[in-house]
Amino acid sequence: MNSIACLWGIKASFMRYLAMQHGTQASIGGGAAATAKNEFLFPAAPGVGFLPAAGPGGMRFEGDVHFIAHGGLLNVVLADPWIQRVGDQILLSFITGEYSGSSVTPTVLAELVERQSAEDDGSVTFDATLASSGIHVFGGVYAAGEPLDPIRIVHNPNTHT
Ligand code: HEM
């Protein structure tokens, strides 16, 4: 496994909502994994290094999570996370598919802000808020700017599962 991964819980209240619905199906594939801390782990794509401290750059990760609820009316796919610095913004995109299959163009789901506090193990944490282009992924329930769970980039992901 690549020794870099990102860890993301998506949004705790959304995960609780899914857990409450009778018959929710959740599946994880493509190298992603669930951790004991209710996060999803996506390994970095081969050869991917950390985001440069400044200037354009990106990190691609692999794997997908898929949730089906309400008899298939709720059908949320989040695949192959991509964190990229564009100008002064850091964006989190996924290949998404909802309601009727997936698209291949990544959707910018969230805007990220890096936390300044350095962590002992060298991991980097970003606070995440929903981007306007990601509103439809959650069925229009959350407005742009809604806080999502923070996302972490870690070394040695095996120690986080
Ligand atoms: C049969 C169709 C659906 C029904 C009956 C339904 C019902 C509900 C209800 C009752 C709530 C409020 C739950 C609460 O506050 O505890 C809720 C919240 C929510 N629903 Fe649905 N829903 C449906 C479809 C969808 C679809 C298609 C999506 C798309 C992803 C969606 C996403 C959400 C989200 C994101 C929340 C907010 C969860 C949170 O953060 O608390 N729902 N829904």
# chains A, B, ... in the order shown; residues from 1 in each chain; ligands from 1
call {"tool": "residues_near_ligand", "arguments": {"ligand": "ligand 1", "cutoff": "10 Å", "atoms": "only C-alpha atoms and all ligand atoms", "output": "PyMOL selection string"}}
result
chain A and resi 11-18+20-21+67-77+98-99+135-142+146+148
call {"tool": "residues_around", "arguments": {"residues": "A:Gly9", "least_positions_apart": "4", "cutoff": "12 Å", "atoms": "only C-alpha atoms", "output": "PyMOL selection string"}}
result
chain A and resi 13-16+33-42+65+78+127-128+148-152
call {"tool": "write_last_selection", "arguments": {"atoms": "C-alpha atoms", "output": "PDB file, in the first residue's frame"}}
result
ATOM      1  CA  SER A  13     -24.621  13.568  10.975  1.00  0.00           C
ATOM      2  CA  PHE A  14     -25.042  12.134   7.450  1.00  0.00           C
ATOM      3  CA  MET A  15     -23.497   8.856   8.571  1.00  0.00           C
ATOM      4  CA  ARG A  16     -25.800   8.749  11.625  1.00  0.00           C
ATOM      5  CA  ALA A  33     -11.235   0.797   3.858  1.00  0.00           C
ATOM      6  CA  ALA A  34     -13.249   1.708   6.929  1.00  0.00           C
ATOM      7  CA  THR A  35     -11.336   2.546  10.088  1.00  0.00           C
ATOM      8  CA  ALA A  36     -12.207   1.931  13.716  1.00  0.00           C
ATOM      9  CA  LYS A  37     -12.768   5.687  14.090  1.00  0.00           C
ATOM     10  CA  ASN A  38     -15.650   5.772  11.595  1.00  0.00           C
ATOM     11  CA  GLU A  39     -13.487   7.220   8.873  1.00  0.00           C
ATOM     12  CA  PHE A  40     -12.887   5.980   5.367  1.00  0.00           C
ATOM     13  CA  LEU A  41      -9.303   5.480   4.305  1.00  0.00           C
ATOM     14  CA  PHE A  42      -8.316   6.131   0.699  1.00  0.00           C
ATOM     15  CA  VAL A  65     -17.665   4.360  -0.970  1.00  0.00           C
ATOM     16  CA  LEU A  78     -17.816   9.048  -3.671  1.00  0.00           C
ATOM     17  CA  ASP A 127     -11.290  21.670   7.721  1.00  0.00           C
ATOM     18  CA  ALA A 128     -13.867  21.053   4.999  1.00  0.00           C
ATOM     19  CA  LEU A 148     -18.243  18.518   6.626  1.00  0.00           C
ATOM     20  CA  ASP A 149     -15.888  16.340   8.652  1.00  0.00           C
ATOM     21  CA  PRO A 150     -12.240  17.376   8.619  1.00  0.00           C
ATOM     22  CA  ILE A 151     -10.066  15.356   6.253  1.00  0.00           C
ATOM     23  CA  ARG A 152      -6.596  14.140   7.203  1.00  0.00           C
TER      24      ARG A 152
END
call {"tool": "select_by_dssp", "arguments": {"residues": "stretch 119-155 of chain A", "states": "helix (DSSP H, G or I)", "output": "ChimeraX atom specification"}}
result
/A:132-138
call {"tool": "residues_around", "arguments": {"residues": "A:Gly63", "least_positions_apart": "3", "cutoff": "6 Å", "atoms": "only C-alpha atoms", "output": "JSON list (two decimals) with C-alpha atoms, in the first residue's frame"}}
result
[["chain", "number", "residue", "atom", "x", "y", "z"],
["A", 29, "GLY", "CA", -14.19, -0.80, -2.80],
["A", 30, "GLY", "CA", -11.21, -0.02, -4.96],
["A", 31, "GLY", "CA", -8.72, -0.14, -2.09],
["A", 32, "ALA", "CA", -10.65, 2.07, 0.33],
["A", 42, "PHE", "CA", -8.32, 6.13, 0.70],
["A", 79, "ALA", "CA", -14.81, 7.71, -5.58],
["A", 80, "ASP", "CA", -11.15, 8.57, -6.07]]
call {"tool": "residues_around", "arguments": {"residues": "A:Gly47", "least_positions_apart": "2", "cutoff": "10 Å", "atoms": "only C-alpha atoms", "output": "MDAnalysis selection string"}}
result
chainID A and resid 2:4 44:45 49 59:60
call {"tool": "atom_distance", "arguments": {"atom1": "atom CA of A:Gln25", "atom2": "atom CA of A:His66"}}
result
8.0 Å
call {"tool": "closest_residue", "arguments": {"among": "A:Val124, A:Ala53, A:Ala131, A:Leu7", "to": "A:Ser93", "atoms": "only C-alpha atoms"}}
result
A:Ala131
call {"tool": "closest_residue", "arguments": {"among": "A:Asn158, A:Gln84, A:Ser117, A:Thr129", "to": "A:Ala144", "atoms": "only C-alpha atoms"}}
result
A:Thr129
